[in-house]
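Source file model.cif; content: mmCIF, C-alpha atoms.
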data_query
#
loop_
_atom_site.label_atom_id
_atom_site.label_comp_id
_atom_site.auth_asym_id
_atom_site.auth_seq_id
_atom_site.Cartn_x
_atom_site.Cartn_y
_atom_site.Cartn_z
CA MET A 1 1.97 -14.01 57.79
CA LYS A 2 -0.35 -16.49 56.11
CA ALA A 3 -2.99 -13.80 55.76
CA ILE A 4 -0.53 -11.47 53.99
CA VAL A 5 0.52 -14.18 51.53
CA LEU A 6 -3.09 -15.05 50.85
CA ALA A 7 -4.00 -11.41 50.32
CA ALA A 8 -1.05 -10.97 47.94
CA MET A 9 -2.07 -14.05 45.97
CA LEU A 10 -5.65 -12.87 45.72
CA GLY A 11 -4.40 -9.49 44.59
CA LEU A 12 -2.30 -11.11 41.87
CA ALA A 13 -5.19 -13.30 40.76
CA ALA A 14 -7.41 -10.23 40.53
CA ALA A 15 -4.79 -8.32 38.53
CA SER A 16 -4.36 -11.11 35.99
CA ALA A 17 -8.11 -11.41 35.51
CA LEU A 18 -8.55 -7.69 34.85
CA ALA A 19 -8.15 -7.60 31.08
CA VAL A 20 -10.56 -10.39 30.22
CA GLU A 21 -13.98 -8.85 30.62
CA PRO A 22 -16.80 -10.90 32.13
CA GLY A 23 -18.86 -10.61 28.96
CA GLU A 24 -16.11 -12.27 26.92
CA ARG A 25 -15.93 -15.47 29.00
CA LEU A 26 -17.29 -18.69 27.65
CA ALA A 27 -19.87 -20.64 29.60
CA ASP A 28 -17.94 -23.91 29.19
CA PRO A 29 -15.09 -23.82 31.77
CA ALA A 30 -12.89 -26.26 29.81
CA LEU A 31 -13.17 -24.16 26.64
CA GLU A 32 -12.61 -20.96 28.62
CA ALA A 33 -9.47 -22.46 30.18
CA ARG A 34 -8.15 -23.29 26.70
CA ALA A 35 -9.00 -19.76 25.56
CA ARG A 36 -7.12 -18.26 28.52
CA ALA A 37 -4.07 -20.44 27.86
CA LEU A 38 -4.04 -19.57 24.16
CA SER A 39 -4.53 -15.85 24.66
CA ALA A 40 -1.60 -15.81 27.08
CA GLU A 41 0.59 -16.99 24.17
CA LEU A 42 -0.55 -14.30 21.75
CA ARG A 43 1.08 -10.90 21.59
CA CYS A 44 -1.00 -7.76 21.68
CA LEU A 45 0.25 -5.97 18.57
CA VAL A 46 -0.66 -2.55 19.88
CA CYS A 47 1.20 -2.83 23.18
CA GLN A 48 3.71 -5.45 21.95
CA ASN A 49 5.09 -6.67 25.28
CA GLN A 50 1.75 -7.74 26.68
CA SER A 51 -0.27 -10.79 25.76
CA ILE A 52 -3.81 -10.24 24.54
CA ASP A 53 -4.85 -11.92 27.79
CA ASP A 54 -3.31 -9.05 29.77
CA SER A 55 -4.01 -6.17 27.47
CA SER A 56 -7.03 -3.91 27.58
CA ALA A 57 -6.38 -2.56 24.08
CA ASP A 58 -9.30 -2.60 21.69
CA LEU A 59 -7.62 -4.95 19.23
CA ALA A 60 -6.72 -7.35 22.06
CA HIS A 61 -10.39 -7.45 23.02
CA ASP A 62 -11.38 -8.17 19.42
CA LEU A 63 -8.81 -10.95 19.14
CA ARG A 64 -9.92 -12.51 22.44
CA VAL A 65 -13.51 -12.58 21.23
CA LEU A 66 -12.45 -13.96 17.84
CA LEU A 67 -10.30 -16.63 19.48
CA ARG A 68 -13.25 -17.76 21.57
CA GLN A 69 -15.46 -17.83 18.48
CA ARG A 70 -12.95 -20.10 16.75
CA LEU A 71 -12.75 -22.42 19.75
CA THR A 72 -16.54 -22.60 20.03
CA ALA A 73 -16.69 -23.41 16.32
CA GLY A 74 -14.51 -26.44 17.07
CA ASP A 75 -11.00 -25.32 16.08
CA THR A 76 -8.06 -27.05 17.75
CA ASP A 77 -5.50 -24.94 19.63
CA ALA A 78 -3.06 -25.31 16.73
CA GLN A 79 -5.68 -24.17 14.22
CA VAL A 80 -6.44 -21.07 16.28
CA LEU A 81 -2.76 -20.15 16.49
CA GLN A 82 -2.37 -20.75 12.75
CA PHE A 83 -5.36 -18.51 12.08
CA MET A 84 -3.64 -15.67 13.98
CA VAL A 85 -0.20 -16.29 12.44
CA ARG A 86 -1.64 -16.19 8.90
CA ARG A 87 -2.88 -12.66 9.55
CA TYR A 88 -0.26 -11.20 11.83
CA GLY A 89 2.85 -13.32 11.24
CA ASP A 90 5.03 -15.16 13.74
CA PHE A 91 5.41 -11.90 15.65
CA ILE A 92 2.01 -12.49 17.25
CA LEU A 93 3.41 -15.56 19.03
CA LEU A 94 5.11 -14.52 22.26
CA LYS A 95 7.24 -17.68 22.06
CA PRO A 96 8.98 -17.78 18.67
CA PRO A 97 8.61 -21.13 16.86
CA VAL A 98 11.72 -23.25 16.25
CA GLN A 99 12.26 -23.09 12.47
CA PRO A 100 15.27 -22.44 10.19
CA ASP A 101 15.11 -18.64 10.44
CA THR A 102 15.02 -18.77 14.25
CA TYR A 103 17.79 -21.38 14.72
CA LEU A 104 20.25 -18.56 15.45
CA LEU A 105 17.91 -17.24 18.14
CA TRP A 106 17.31 -20.61 19.78
CA PHE A 107 20.72 -22.24 19.38
CA GLY A 108 23.00 -19.18 19.06
CA PRO A 109 23.62 -18.90 22.83
CA PHE A 110 24.57 -22.58 23.04
CA ALA A 111 26.90 -22.19 20.05
CA VAL A 112 28.60 -19.22 21.74
CA LEU A 113 28.87 -21.22 24.96
CA ALA A 114 30.44 -24.15 23.06
CA LEU A 115 32.89 -21.80 21.35
CA GLY A 116 33.87 -20.26 24.67
CA ALA A 117 34.25 -23.69 26.28
CA ALA A 118 36.43 -24.88 23.37
CA GLY A 119 38.59 -21.75 23.67
CA ALA A 120 38.96 -22.21 27.43
CA ALA A 121 39.80 -25.92 27.01
CA ILE A 122 42.51 -25.16 24.46
CA TYR A 123 43.96 -22.43 26.64
CA LEU A 124 43.97 -24.61 29.75
CA ARG A 125 45.56 -27.55 27.97
CA ARG A 126 48.32 -25.38 26.56
CA SER A 127 49.10 -23.65 29.86
CA ARG A 128 49.16 -26.99 31.68
CA ARG A 129 51.56 -28.45 29.17
CA GLY A 130 53.70 -25.28 29.36
CA PRO A 131 55.70 -25.79 32.63
CA ASP A 132 56.51 -29.42 31.74
CA ARG A 133 58.44 -28.39 28.70
CA ALA A 134 62.14 -28.07 29.50
CA PRO A 135 63.43 -24.57 28.74
CA ALA A 136 65.81 -24.30 25.79
CA PRO A 137 69.42 -24.83 26.93
CA LEU A 138 71.59 -21.72 27.09
CA SER A 139 73.73 -20.93 24.14
CA ALA A 140 77.51 -20.71 24.57
CA GLU A 141 77.31 -16.91 24.48
CA GLU A 142 74.62 -16.83 27.19
CA ARG A 143 76.56 -19.26 29.35
CA ARG A 144 79.67 -17.02 29.16
CA LYS A 145 77.59 -13.97 30.16
CA LEU A 146 76.05 -15.82 33.07
CA ASP A 147 79.42 -17.05 34.35
CA LYS A 148 80.74 -13.53 34.15
CA LEU A 149 77.80 -12.12 36.12
CA LEU A 150 78.07 -14.80 38.77
CA ALA A 151 81.77 -14.21 39.08
CA GLU A 152 81.18 -10.43 39.56
CA ASP A 153 78.60 -11.14 42.22
CA GLY A 154 80.87 -13.43 44.12
CA ALA A 155 83.71 -10.90 44.12
CA MET B 1 48.78 -14.30 10.54
CA ARG B 2 47.81 -16.50 13.48
CA ARG B 3 47.51 -13.45 15.69
CA LEU B 4 44.55 -12.26 13.63
CA ILE B 5 42.43 -14.89 15.36
CA TYR B 6 42.71 -12.88 18.57
CA LEU B 7 41.06 -9.94 16.82
CA LEU B 8 38.01 -12.06 16.01
CA PRO B 9 36.11 -11.44 19.28
CA ALA B 10 36.71 -7.71 19.00
CA ALA B 11 35.54 -7.74 15.38
CA ALA B 12 32.41 -9.73 16.32
CA PHE B 13 31.69 -7.30 19.14
CA THR B 14 32.08 -4.29 16.83
CA ALA B 15 29.74 -5.84 14.24
CA LEU B 16 27.10 -6.50 16.91
CA ALA B 17 27.47 -3.01 18.37
CA ILE B 18 26.97 -1.44 14.93
CA TYR B 19 23.94 -3.66 14.27
CA PHE B 20 22.32 -2.77 17.60
CA PHE B 21 23.12 0.92 17.17
CA VAL B 22 21.49 1.01 13.74
CA SER B 23 18.51 -0.92 15.11
CA LEU B 24 17.98 1.78 17.72
CA SER B 25 16.73 4.16 15.07
CA ARG B 26 14.22 1.63 13.70
CA ASP B 27 10.61 2.25 14.67
CA PRO B 28 9.54 -0.85 16.64
CA SER B 29 5.84 -0.08 16.13
CA VAL B 30 6.14 -0.74 12.38
CA LEU B 31 5.73 -4.48 11.89
CA PRO B 32 6.30 -6.45 8.70
CA SER B 33 3.07 -7.79 7.24
CA ALA B 34 2.47 -11.52 7.05
CA MET B 35 0.05 -10.82 4.21
CA ILE B 36 2.60 -9.62 1.64
CA ASP B 37 2.14 -11.53 -1.64
CA GLN B 38 -0.91 -13.27 -0.17
CA PRO B 39 -4.31 -12.87 -1.80
CA ALA B 40 -6.26 -10.02 -0.23
CA PRO B 41 -8.97 -11.45 2.05
CA SER B 42 -12.44 -11.44 0.59
CA PHE B 43 -15.02 -9.17 2.17
CA THR B 44 -18.34 -7.53 1.50
CA LEU B 45 -19.01 -4.39 3.48
CA ALA B 46 -21.99 -2.07 3.68
CA GLY B 47 -21.39 1.58 2.87
CA VAL B 48 -21.17 4.54 5.22
CA GLY B 49 -24.64 6.02 5.62
CA ASP B 50 -26.59 5.61 2.37
CA GLN B 51 -23.50 5.39 0.13
CA PRO B 52 -22.71 2.17 -1.75
CA GLY B 53 -20.50 -0.31 0.08
CA LEU B 54 -17.34 -2.10 -1.00
CA ALA B 55 -16.67 -5.73 -1.83
CA ARG B 56 -13.43 -7.50 -2.58
CA ASN B 57 -14.52 -8.82 -6.02
CA GLU B 58 -15.42 -5.34 -7.29
CA PHE B 59 -11.81 -4.44 -7.94
CA ALA B 60 -10.57 -7.75 -9.34
CA GLY B 61 -8.08 -7.26 -12.18
CA GLN B 62 -7.10 -3.74 -11.14
CA VAL B 63 -4.27 -2.22 -9.16
CA VAL B 64 -5.91 -0.48 -6.21
CA LEU B 65 -5.04 1.30 -3.00
CA ILE B 66 -6.96 0.36 0.13
CA ASN B 67 -6.79 2.77 3.02
CA PHE B 68 -8.02 1.85 6.51
CA PHE B 69 -9.16 4.95 8.32
CA ALA B 70 -11.47 6.11 11.11
CA SER B 71 -12.96 9.40 12.16
CA TRP B 72 -11.53 8.92 15.67
CA CYS B 73 -8.00 8.49 14.33
CA VAL B 74 -5.81 11.58 14.60
CA PRO B 75 -3.03 10.50 12.18
CA CYS B 76 -5.77 9.87 9.59
CA ARG B 77 -6.45 13.60 9.62
CA VAL B 78 -2.73 14.18 9.08
CA GLU B 79 -2.61 12.07 5.92
CA HIS B 80 -6.03 13.16 4.66
CA PRO B 81 -4.94 16.09 2.44
CA LEU B 82 -2.46 13.78 0.72
CA LEU B 83 -5.14 11.15 0.12
CA MET B 84 -7.25 13.74 -1.69
CA ASN B 85 -4.66 13.75 -4.50
CA VAL B 86 -3.07 10.32 -4.36
CA SER B 87 -5.57 8.58 -6.62
CA ARG B 88 -5.11 11.15 -9.40
CA GLU B 89 -1.38 11.31 -8.85
CA LEU B 90 -0.83 7.55 -9.17
CA GLY B 91 -3.67 6.89 -11.61
CA VAL B 92 -5.25 4.10 -9.55
CA PRO B 93 -8.48 3.98 -7.54
CA LEU B 94 -8.33 4.62 -3.81
CA TYR B 95 -10.86 2.71 -1.72
CA GLY B 96 -11.48 3.31 1.95
CA ILE B 97 -12.35 0.95 4.76
CA ASP B 98 -13.85 2.76 7.70
CA TYR B 99 -12.43 0.84 10.66
CA LYS B 100 -14.49 0.44 13.85
CA ASP B 101 -16.35 3.68 13.40
CA LYS B 102 -19.88 4.97 13.83
CA PRO B 103 -21.42 5.76 10.42
CA GLU B 104 -22.56 9.21 11.56
CA ASP B 105 -19.06 10.09 12.79
CA ALA B 106 -17.51 8.85 9.53
CA GLY B 107 -20.07 10.89 7.55
CA LYS B 108 -19.18 14.00 9.52
CA PHE B 109 -15.45 13.35 9.06
CA LEU B 110 -15.85 13.04 5.28
CA SER B 111 -18.18 16.02 4.80
CA GLU B 112 -15.88 18.17 6.90
CA LEU B 113 -12.59 17.21 5.21
CA GLY B 114 -13.72 15.90 1.83
CA ASN B 115 -14.06 12.35 0.54
CA PRO B 116 -10.92 11.05 -1.19
CA TYR B 117 -12.30 7.52 -1.68
CA GLY B 118 -13.93 6.04 -4.77
CA ARG B 119 -15.91 3.69 -2.55
CA ILE B 120 -16.01 3.11 1.18
CA GLY B 121 -16.82 -0.03 3.15
CA ALA B 122 -17.80 0.24 6.80
CA ASP B 123 -15.93 -2.33 8.90
CA ARG B 124 -17.90 -1.76 12.07
CA ASP B 125 -16.63 -4.69 14.14
CA GLY B 126 -13.08 -4.63 12.74
CA ARG B 127 -13.23 -8.20 11.38
CA VAL B 128 -12.05 -7.24 7.88
CA GLY B 129 -9.26 -5.29 9.55
CA ILE B 130 -8.16 -8.44 11.41
CA ASP B 131 -8.27 -10.44 8.16
CA PHE B 132 -5.90 -7.89 6.61
CA GLY B 133 -3.67 -7.97 9.69
CA VAL B 134 -4.43 -4.36 10.58
CA TYR B 135 -3.30 -3.43 14.08
CA GLY B 136 -3.87 0.31 13.99
CA VAL B 137 -5.18 2.96 11.66
CA PRO B 138 -4.23 4.40 9.28
CA GLU B 139 -2.84 1.56 7.19
CA THR B 140 -2.58 1.61 3.42
CA TYR B 141 -2.37 -1.44 1.15
CA VAL B 142 -1.41 -1.80 -2.49
CA ILE B 143 -3.22 -4.66 -4.24
CA ASP B 144 -2.09 -5.93 -7.62
CA LYS B 145 -4.12 -7.09 -10.62
CA ALA B 146 -4.10 -10.68 -9.38
CA GLY B 147 -5.62 -9.51 -6.11
CA ARG B 148 -2.51 -10.02 -4.00
CA ILE B 149 -1.38 -7.62 -1.31
CA ARG B 150 1.93 -6.18 -2.46
CA LEU B 151 2.60 -3.47 0.09
CA ARG B 152 1.43 -2.42 3.49
CA HIS B 153 2.19 1.00 4.87
CA VAL B 154 1.64 1.50 8.60
CA GLY B 155 0.86 4.99 9.81
CA PRO B 156 0.08 8.19 7.94
CA LEU B 157 1.40 8.44 4.38
CA THR B 158 3.82 11.26 3.68
CA PRO B 159 4.68 12.74 0.27
CA ALA B 160 8.07 10.96 0.56
CA ASP B 161 6.33 7.60 1.14
CA VAL B 162 4.20 8.13 -1.95
CA ALA B 163 7.17 9.13 -4.10
CA LYS B 164 9.60 6.45 -2.87
CA GLU B 165 7.37 3.50 -1.94
CA LEU B 166 4.01 3.72 -3.67
CA ALA B 167 4.72 5.39 -7.00
CA PRO B 168 7.44 2.99 -8.29
CA LEU B 169 5.48 -0.09 -7.16
CA VAL B 170 2.17 1.06 -8.60
CA LYS B 171 3.86 1.95 -11.87
CA ALA B 172 5.47 -1.49 -12.10
CA LEU B 173 2.24 -3.25 -11.19
CA LYS B 174 0.19 -1.30 -13.72
CA GLY B 175 2.69 -2.12 -16.43
CA SER B 176 2.70 -5.85 -15.70
#

Starting from the file, give its structure as structure tokens.
Amino acid sequence: MKAIVLAAMLGLAAASALAVEPGERLADPALEARARALSAELRCLVCQNQSIDDSSADLAHDLRVLLRQRLTAGDTDAQVLQFMVRRYGDFILLKPPVQPDTYLLWFGPFAVLALGAAGAAIYLRRSRRGPDRAPAPLSAEERRKLDKLLAEDGA
Amino acid sequence: MRRLIYLLPAAAFTALAIYFFVSLSRDPSVLPSAMIDQPAPSFTLAGVGDQPGLARNEFAGQVVLINFFASWCVPCRVEHPLLMNVSRELGVPLYGIDYKDKPEDAGKFLSELGNPYGRIGADRDGRVGIDFGVYGVPETYVIDKAGRIRLRHVGPLTPADVAKELAPLVKALKGS
């Protein structure tokens, strides 16, 4: 069992390392680790649902190399991301930034949840109060009808 | 009047459904450019073969079209006949940037089909492409007199694109 798990993990590790070619890696392991983390956050614009870390597209390769050049030149992680966003827009970030035009995206679900909860609370409070309310007393006309019906039944 | 509030969820659902349905027919591969209204990146590129190259400051003060192309790009062949006329039609220069291409292949491509470009820069490693935010060829840019990018068109240009998108913009930019 252990062997199977280990084999599966190795397989996964190998799969995730496929796109980054050996020639692209930086000699400094700390810098390379930062490069890997950053490239996992950047969208490959050709394949769109892959990060440039996963993608073997030509442009993804170019961007990985460029990203490593920027890091080697001494850019911070934020500067590298900004460099990419200036050229390709926020779309290149796999995780959209929290800013006014994405508030709906980030907070919309919570707003809908709050609305639903408020609706449910109002409904529950009303229906709980409902049975406590005494029904309206019968009118004289209704009372006469009821007496008549009961009398028929008894006969 | 109070009952109308119960129609609200249904109305919201209908609005969403219409929005999503319309979005289905949008082409997800066409991305908005982050470079719109930004100054065009500066570059100096060598030419293809022994032809003169292209530099950003050569077309300062003019409205120009920049077309990213490559000999290996099939849609570029599709739009090529249109490019042959677009410069004359719109009355502005058309410059080419040969994206990630071998000079000999680009030379063959141009001698076979004709050269629609006033000048061509060879972007062999694709760095200028990245500075423009290019993610696939062909892409066509309209640059105004102040050197700002005013329009990006992704994919091959069609006569309808030229008539509806490029022509009105170029006319307005030339007049300004």

| task | Go through A:Thr72, A:Ser55, A:Gln99, A:Gln48 one by one, measure the shortest atom-to-atom distance of each to chain B using only C-alpha atoms, and give the residue with the smallest value. | result | A:Gln48

| Got a sec to resolve the PyMOL selection byres ((chain B and resi 135-146) around 8) on this structure and send the residues as a PyMOL selection string? | (chain A and resi 45-46+59) or (chain B and resi 39-40+60-70+73+75-76+99+129-130+133-134+147-157+166+170+173-174)

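For Leu67 in chain A, the residues within 7 Å (counting all atoms listed in the file, excluding itself and residues fewer than 4 positions away along the chain) are Ala35, Leu63, Leu71 and Val80 of chain A.
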
Can you write out the residues you just picked, keeping C-alpha atoms, as an mmCIF file, keeping the file's coordinate frame?
data_model
loop_
_atom_site.group_PDB
_atom_site.id
_atom_site.type_symbol
_atom_site.label_atom_id
_atom_site.label_comp_id
_atom_site.auth_asym_id
_atom_site.auth_seq_id
_atom_site.Cartn_x
_atom_site.Cartn_y
_atom_site.Cartn_z
ATOM 1 C CA ALA A 35 -9.000 -19.760 25.560
ATOM 2 C CA LEU A 63 -8.810 -10.950 19.140
ATOM 3 C CA LEU A 71 -12.750 -22.420 19.750
ATOM 4 C CA VAL A 80 -6.440 -21.070 16.280
#

| request: Give me, please, the distance in Å between CA of Gln79 in chain A and CA of Arg36 in chain A, quoted to one decimal. | output: 15.5 Å

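The smallest atom-to-atom distance between Phe109 in chain B and any of B:Leu7, B:Val48, B:Ala15, B:Ala172, using all atoms listed in the file, is found for B:Val48.
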
| field | Given the PyMOL selection byres ((chain A) within 10 of (chain B)), the residues it picks as JSON, numbers by chain | value | {"A": [44, 45, 46, 47, 48, 58, 59, 60, 62, 63, 66, 83, 84, 85, 86, 87, 88, 89, 90, 91]}

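As for CA of Ile120 in chain B and CA of Gly96 in chain B, they are spaced 4.6 Å apart.
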
| Could you pull the residues within 6 Å of Gly53 in chain B, counting all atoms listed in the file, minus those fewer than 2 positions along the same chain, as a list in words? | Leu45, Ala46, Gly47, Ile120 and Gly121 of chain B

| field | CA of Pro96 in chain A to CA of Asn49 in chain A, straight-line distance in Å | value | 13.5 Å

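Here, the PyMOL selection byres ((chain B and resi 42) around 8) matches Ala40, Pro41, Phe43, Thr44, Ala55, Arg56 and Asn57 of chain B.
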
Could the centre and edge lengths of an axis-aligned box, enclosing all atoms of range 125-138 of chain B in the file with 8 Å extra on each side, be given in Å to one decimal as lines of an AutoDock Vina configuration file?
center_x = -10.0
center_y = -3.0
center_z = 10.4
size_x = 29.3
size_y = 30.8
size_z = 23.5
